[in-house]
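Structure file start-v9.cif (mmCIF, C-alpha atoms and all ligand atoms) follows.
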```
data_data
loop_
_atom_site.label_atom_id
_atom_site.label_comp_id
_atom_site.auth_asym_id
_atom_site.auth_seq_id
_atom_site.Cartn_x
_atom_site.Cartn_y
_atom_site.Cartn_z
CA MET G 1155 56.74 39.12 66.77
CA MET G 1156 57.13 35.44 67.54
CA PRO G 1157 54.70 33.10 65.82
CA VAL G 1158 51.72 32.09 67.92
CA ARG G 1159 50.04 28.70 67.67
CA ALA G 1160 46.44 29.29 66.61
CA CYS G 1161 43.62 26.80 66.65
CA VAL G 1162 40.59 27.13 64.37
CA GLY G 1163 37.34 25.16 64.46
CA LEU G 1164 35.65 24.33 61.17
CA GLY G 1165 31.99 23.39 60.88
CA ALA G 1166 29.35 23.03 58.18
CA ASN G 1167 25.89 21.49 57.91
CA LEU G 1168 24.46 22.77 54.63
CA GLY G 1169 25.40 22.21 51.02
CA ASP G 1170 28.38 19.89 50.65
CA PRO G 1171 30.02 20.09 54.09
CA MET G 1172 32.96 17.84 53.24
CA ALA G 1173 33.82 19.97 50.22
CA ALA G 1174 33.49 23.15 52.29
CA LEU G 1175 35.82 21.87 55.04
CA THR G 1176 38.34 20.66 52.50
CA SER G 1177 38.43 23.89 50.59
CA ALA G 1178 38.55 25.94 53.80
CA LEU G 1179 41.58 23.92 54.92
CA THR G 1180 43.28 24.66 51.63
CA ARG G 1181 42.62 28.36 52.16
CA ILE G 1182 43.96 28.19 55.73
CA ALA G 1183 47.09 26.47 54.41
CA ALA G 1184 47.54 29.38 52.02
CA LEU G 1185 47.39 32.07 54.73
CA PRO G 1186 50.63 34.03 54.72
CA THR G 1187 51.84 32.41 57.90
CA GLY G 1188 50.37 28.96 58.11
CA ASP G 1189 53.54 27.02 59.01
CA GLY G 1190 53.23 23.90 61.10
CA LEU G 1191 49.67 23.26 59.94
CA VAL G 1192 48.04 20.12 61.29
CA TRP G 1193 44.41 19.18 61.10
CA SER G 1194 42.08 16.64 62.59
CA SER G 1195 39.89 13.99 61.07
CA VAL G 1196 36.42 15.04 60.01
CA TRP G 1197 33.77 14.23 62.62
CA ARG G 1198 30.04 13.91 62.07
CA THR G 1199 28.29 15.62 64.98
CA ALA G 1200 24.72 16.14 66.09
CA PRO G 1201 23.72 19.84 66.18
CA VAL G 1202 24.26 21.50 69.57
CA ASP G 1203 22.01 24.49 70.32
CA ALA G 1204 21.22 24.55 66.62
CA ALA G 1205 18.76 23.21 64.08
CA GLY G 1206 19.22 21.38 60.82
CA PRO G 1207 21.16 18.36 59.66
CA ASP G 1208 24.21 16.88 61.36
CA PHE G 1209 27.38 18.92 61.11
CA LEU G 1210 30.78 17.95 59.88
CA ASN G 1211 33.44 19.42 62.16
CA ALA G 1212 37.22 19.52 62.22
CA VAL G 1213 39.98 21.49 63.93
CA ALA G 1214 43.18 22.93 62.45
CA MET G 1215 46.26 24.28 64.26
CA PHE G 1216 49.05 26.36 62.77
CA ASP G 1217 51.66 28.95 63.65
CA THR G 1218 50.70 32.47 62.73
CA LEU G 1219 52.26 35.90 62.69
CA LEU G 1220 48.86 37.53 62.19
CA ASP G 1221 47.45 39.34 65.18
CA PRO G 1222 44.18 37.77 66.38
CA GLU G 1223 41.83 40.31 64.83
CA THR G 1224 43.59 40.12 61.46
CA LEU G 1225 43.37 36.33 61.61
CA LEU G 1226 39.64 36.63 62.42
CA ASP G 1227 39.21 38.88 59.37
CA ALA G 1228 40.98 36.29 57.20
CA LEU G 1229 38.68 33.57 58.54
CA ARG G 1230 35.60 35.71 57.94
CA ARG G 1231 36.73 36.25 54.34
CA ILE G 1232 37.05 32.49 53.83
CA GLU G 1233 33.55 32.02 55.31
CA SER G 1234 32.00 34.61 53.03
CA ASP G 1235 33.79 33.21 49.99
CA HIS G 1236 31.96 29.98 50.80
CA GLY G 1237 28.61 31.73 50.65
CA ARG G 1238 28.15 32.05 54.40
CA GLU G 1239 25.10 34.06 55.38
CA ARG G 1240 24.11 35.08 58.87
CA PRO G 1241 20.28 35.15 59.00
CA TYR G 1242 20.34 34.51 62.76
CA ARG G 1243 22.66 33.20 65.45
CA ASN G 1244 23.41 29.47 65.20
CA ALA G 1245 21.59 29.24 61.87
CA PRO G 1246 22.51 26.26 59.70
CA ARG G 1247 25.63 27.21 57.81
CA LEU G 1248 27.68 26.39 54.74
CA LEU G 1249 30.87 27.10 56.67
CA ASP G 1250 31.66 28.35 60.18
CA LEU G 1251 35.23 29.14 61.17
CA ASP G 1252 35.84 30.01 64.81
CA LEU G 1253 39.11 31.14 66.31
CA LEU G 1254 39.26 28.72 69.23
CA LEU G 1255 42.69 29.39 70.71
CA TYR G 1256 45.45 31.91 70.11
CA GLY G 1257 48.42 30.57 72.02
CA ASP G 1258 47.51 30.80 75.68
CA ARG G 1259 46.10 34.29 75.28
CA VAL G 1260 42.81 35.38 76.80
CA ILE G 1261 41.18 38.03 74.59
CA GLU G 1262 37.97 39.97 75.24
CA SER G 1263 37.49 42.62 72.60
CA ALA G 1264 34.38 43.95 70.92
CA ARG G 1265 34.78 41.50 68.03
CA LEU G 1266 36.64 38.62 69.54
CA THR G 1267 36.47 36.35 72.57
CA VAL G 1268 39.32 33.83 72.89
CA PRO G 1269 39.25 31.07 74.00
CA HIS G 1270 35.99 30.67 72.08
CA PRO G 1271 33.42 31.05 74.87
CA ARG G 1272 31.62 27.72 74.33
CA MET G 1273 34.41 25.46 73.09
CA HIS G 1274 35.05 23.86 76.50
CA LEU G 1275 31.48 22.49 76.54
CA ARG G 1276 31.41 21.02 73.06
CA ALA G 1277 32.46 17.55 72.04
CA PHE G 1278 32.43 18.62 68.38
CA VAL G 1279 35.36 20.95 69.18
CA LEU G 1280 37.11 19.01 71.94
CA ALA G 1281 37.28 15.60 70.23
CA PRO G 1282 39.09 16.85 67.10
CA LEU G 1283 41.27 19.10 69.27
CA VAL G 1284 42.34 16.25 71.53
CA GLU G 1285 42.91 14.12 68.44
CA ILE G 1286 45.61 16.48 67.13
CA GLU G 1287 46.86 17.86 70.46
CA PRO G 1288 46.17 15.42 73.28
CA ARG G 1289 47.70 17.76 75.87
CA ALA G 1290 45.77 20.84 74.75
CA THR G 1291 44.62 23.10 77.55
CA ILE G 1292 42.00 25.80 77.36
CA PRO G 1293 42.95 28.89 79.34
CA GLY G 1294 40.53 29.28 82.22
CA HIS G 1295 39.08 25.80 81.82
CA GLY G 1296 41.88 23.26 81.88
CA ALA G 1297 42.76 20.11 79.97
CA ALA G 1298 40.72 19.55 76.82
CA ARG G 1299 40.85 15.82 77.43
CA VAL G 1300 39.17 16.17 80.83
CA LEU G 1301 36.60 18.59 79.45
CA LEU G 1302 35.80 16.17 76.64
CA ALA G 1303 35.16 13.37 79.12
CA ALA G 1304 32.59 15.61 80.79
CA CYS G 1305 30.65 16.18 77.54
CA THR G 1306 27.80 13.72 77.71
CA GLY G 1307 24.83 13.30 75.41
CA GLN G 1308 26.58 14.80 72.39
CA PRO G 1309 26.72 12.14 69.67
CA ILE G 1310 29.85 12.44 67.52
CA GLU G 1311 31.53 10.04 65.16
CA ARG G 1312 34.90 10.21 63.46
CA ILE G 1313 34.18 9.63 59.79
CA ALA G 1314 37.24 10.51 57.75
CA PRO G 1315 40.97 10.46 58.30
CA PRO G 1316 43.07 13.58 57.91
CA ALA G 1317 42.88 15.13 54.50
CA ALA G 1318 45.76 15.36 52.11
CA ILE G 1319 46.04 18.96 51.05
CA ALA G 1320 48.47 20.31 48.54
CA PRO G 1321 51.55 21.85 50.11
CA ARG G 1322 51.90 25.50 49.30
CA ASP G 1323 55.05 26.87 47.79
CA PRO G 1324 57.79 26.37 50.34
CA ALA G 1325 58.94 29.59 51.92
CA PRO G 1326 62.68 30.16 51.70
CA GLY G 1327 64.11 28.32 54.67
CA GLY G 1328 60.57 27.49 55.81
CA THR G 1329 59.28 24.24 57.17
CA THR G 1330 57.46 21.67 55.11
CA PRO G 1331 53.73 22.08 55.58
CA GLY G 1332 51.70 19.00 56.21
CA ASN G 1333 50.04 16.90 58.79
CA THR G 1334 52.94 15.93 60.97
CA THR G 1335 51.02 15.10 64.10
CA PRO G 1336 52.93 12.49 66.07
CA GLY G 1337 51.07 9.26 65.96
CA ASP G 1338 49.16 10.20 62.86
CA THR G 1339 49.65 7.14 60.76
CA THR G 1340 46.52 7.56 58.69
CA PRO G 1341 47.48 7.24 55.05
CA GLY G 1342 45.66 10.41 54.01
CA ALA G 1343 44.24 10.53 50.52
CA ASP G 1344 44.83 6.85 49.86
CA ALA G 1345 42.41 5.86 52.60
CA PRO G 1346 38.72 5.30 51.96
CA GLY G 1347 36.78 8.45 52.77
CA ALA G 1348 39.82 10.67 52.82
CA MET G 1349 39.41 14.17 51.49
CA ALA G 1350 41.63 15.20 48.63
CA VAL G 1351 42.11 18.74 47.45
CA GLY G 1352 44.38 20.84 45.34
CA ARG G 1353 46.64 18.82 43.14
CA ASP G 1354 45.48 15.58 44.73
CA ARG G 1355 41.92 16.07 43.57
N1 LIG G 1401 33.37 36.28 67.68
C1 LIG G 1401 33.75 36.47 68.96
N2 LIG G 1401 34.71 35.62 69.30
C2 LIG G 1401 34.95 34.84 68.21
C3 LIG G 1401 35.84 33.78 67.97
N3 LIG G 1401 36.68 33.34 68.94
N4 LIG G 1401 35.84 33.21 66.74
C4 LIG G 1401 32.33 37.06 67.05
C5 LIG G 1401 34.98 33.64 65.78
N5 LIG G 1401 34.10 34.67 65.94
C6 LIG G 1401 34.10 35.26 67.17
O1 LIG G 1401 29.94 34.81 64.93
C7 LIG G 1401 29.28 35.83 65.66
C8 LIG G 1401 30.28 36.85 66.13
O2 LIG G 1401 31.17 36.26 67.03
C9 LIG G 1401 31.16 37.41 65.05
O3 LIG G 1401 30.71 38.69 64.73
C10 LIG G 1401 32.55 37.45 65.63
O4 LIG G 1401 33.09 38.76 65.61
P1 LIG G 1401 29.24 34.17 63.70
O5 LIG G 1401 30.18 33.13 63.16
O6 LIG G 1401 28.76 35.23 62.81
O7 LIG G 1401 27.90 33.54 64.33
P2 LIG G 1401 27.63 32.10 64.80
O8 LIG G 1401 28.47 31.11 64.08
O9 LIG G 1401 26.15 31.91 64.74
O10 LIG G 1401 28.07 32.20 66.24
P3 LIG G 1401 29.18 31.35 66.87
O11 LIG G 1401 29.59 32.04 68.11
O12 LIG G 1401 30.24 30.95 65.90
O13 LIG G 1401 28.31 30.12 67.20
P4 LIG G 1401 28.86 28.91 67.93
O14 LIG G 1401 28.64 29.06 69.38
O15 LIG G 1401 30.19 28.52 67.44
O16 LIG G 1401 27.81 27.86 67.46
N6 LIG G 1401 26.71 22.00 66.51
C11 LIG G 1401 27.57 21.14 65.93
N7 LIG G 1401 27.41 19.81 66.06
N8 LIG G 1401 28.64 21.61 65.20
C12 LIG G 1401 28.87 22.95 65.03
O17 LIG G 1401 29.83 23.33 64.35
N9 LIG G 1401 28.15 25.21 65.56
C13 LIG G 1401 27.36 26.07 66.17
C14 LIG G 1401 27.69 27.49 66.13
C15 LIG G 1401 26.19 25.60 66.93
N10 LIG G 1401 26.04 24.18 66.99
C16 LIG G 1401 26.90 23.34 66.39
C17 LIG G 1401 27.98 23.87 65.64
MG MG G 1402 31.19 31.38 64.11
#
```
Do you think you could lay out the structure here as C-alpha cells?
Amino acid sequence: MMPVRACVGLGANLGDPMAALTSALTRIAALPTGDGLVWSSVWRTAPVDAAGPDFLNAVAMFDTLLDPETLLDALRRIESDHGRERPYRNAPRLLDLDLLLYGDRVIESARLTVPHPRMHLRAFVLAPLVEIEPRATIPGHGAARVLLAACTGQPIERIAPPAAIAPRDPAPGGTTPGNTTPGDTTPGADAPGAMAVGRDR
C-alpha cells in the first residue's frame, strides 16, 4: 500500500488545552507511520455549535500506511488517554481529534465520514489547514482557501507558532520528521508562546 496523506484536526477547550494539543502532537508523531509530519500554529477560536470556553485548535498532516479506520482507532486511543469523555455531542472537551482528510478519499462507513462532514464550514479547521497547505482541497467542496473566505462571524486568532516536537527515532532510510512546510520560517520553540515538548521541554 502506498502511503496516504492524512489530515487530523486537534481541538480542546477544557483543562490545559495547549498542553493537550502539544502532547497529542507528540503522540501523532510517534504513530508507526507518521512520516512527513507538519503541523499548524495553534489558533484560539470561539466555540461553534458548542458551549464553554474558547477552543485551541490546530491541524496536523502526515503520511500514513494505516487504513482509515485503524487511524481513527489510534486517534480515539490518544483522546481517551487524555481523559476524553463523551457526555453528549459537542460537549466541552479535553481533547478532540477528528480525521479531516484521508488523501482525496471519500469514506462513508458506520464509524467514519471523510472528509469530516462539517470541516468545510469551520474557520477553526480551515484556517490552520490553509496555513500548512494553502492549496488544500476538500473532496466534494473545493478549495479550502475559498471555503475559509466564506466563513464569516467565526472569530479566530493565531496565537502560537508551530511547536517544536522531539523527532522520533529515525526509521532506517526514512525521512527526517519535522515541520518542513515551505514558507514556515517561524523559529519554533525559541519564539515567545511556542509549545515545546519531549526533549525540548
Ligand atoms: N466519526 C465519523 N467521522 C469521523 C471523522 N472523520 N473523524 C464518528 C472522527 N470521528 C468521526 O465523534 C462522534 C463520532 O463520530 C465517533 O463515534 C466517530 O466514530 P466524537 O469525537 O465522539 O464526538 P464529537 O467530537 O462531539 O463530535 P464531532 O463530530 O467530532 O464534533 P464536531 O462536529 O467536530 O464538533 N468549536 C471550536 N471553536 N473548535 C472546535 O474544535 N469542535 C466541535 C466538535 C464543536 N465546536 C467547536 C470545536
Ligand atoms: Mg470528534
With distances taken over all atoms listed in the file, the candidate from G:Val1196, G:Leu1191, G:Leu1254, G:Ala1178 nearest ligand LIG 1401 (chain G) is G:Leu1254
Min atom-atom distance to Ile1292 of chain G from the set G:Leu1255, G:Ala1317, G:Leu1220, G:Val1279, counting all atoms listed in the file, belongs to G:Leu1255
Neighbouring residues of ligand MG 1402 (chain G) are defined here as those with any atom at most 9 Å from a ligand atom, counting only C-alpha atoms and all ligand atoms; list them as a tab-separated table (two decimals) with C-alpha atoms, in the frame of the given file.
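The resulting file, out-v8.tsv, is shown below:
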```
chain	number	residue	atom	x	y	z
G	1163	GLY	CA	37.34	25.16	64.46
G	1164	LEU	CA	35.65	24.33	61.17
G	1165	GLY	CA	31.99	23.39	60.88
G	1230	ARG	CA	35.60	35.71	57.94
G	1243	ARG	CA	22.66	33.20	65.45
G	1244	ASN	CA	23.41	29.47	65.20
G	1249	LEU	CA	30.87	27.10	56.67
G	1250	ASP	CA	31.66	28.35	60.18
G	1251	LEU	CA	35.23	29.14	61.17
G	1252	ASP	CA	35.84	30.01	64.81
G	1253	LEU	CA	39.11	31.14	66.31
```
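In this structure, atom CA of Leu1302 of chain G sits 28.3 Å away from atom CA of Gly1169 of chain G.
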Need to verify the contact set: segment 1212-1215 of chain G, 8 Å, all atoms listed in the file, exclusion of same-chain residues closer than 5 positions in sequence. Can you return it as a ChimeraX atom specification? /G:1159-1165,1175,1179,1190-1197,1278-1279,1282-1283
The distance between atom CA of Glu1311 of chain G and atom CA of Leu1185 of chain G is 29.1 Å
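Shortest atom-to-atom contact with Arg1272 of chain G among G:Ile1232, G:Val1202, G:Met1155, G:Ala1303: G:Val1202, counting only C-alpha atoms.
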| said: Report as a PyMOL selection string all protein, DNA and RNA residues lying within 6 Å of Thr1199 of chain G, evaluated on only C-alpha atoms, omitting residues in the same chain fewer than 4 positions from it. | reply: chain G and resi 1208-1209+1310
With C-alpha atoms retained, export the selected residues as a short mmCIF file (atom, residue, chain, number, x, y, z; two decimals), in the coordinates of the input.
```cif
data_model
loop_
_atom_site.label_atom_id
_atom_site.label_comp_id
_atom_site.auth_asym_id
_atom_site.auth_seq_id
_atom_site.Cartn_x
_atom_site.Cartn_y
_atom_site.Cartn_z
CA ASP G 1208 24.21 16.88 61.36
CA PHE G 1209 27.38 18.92 61.11
CA ILE G 1310 29.85 12.44 67.52
#
```
If I wrap all listed atoms of segment 1155-1159 of chain G in a box with edges along x, y and z and add 8 Å on each side, what are its centre and edge lengths in Å to one decimal, as lines of an AutoDock Vina configuration file?
```
center_x = 53.6
center_y = 33.9
center_z = 66.9
size_x = 23.1
size_y = 26.4
size_z = 18.1
```
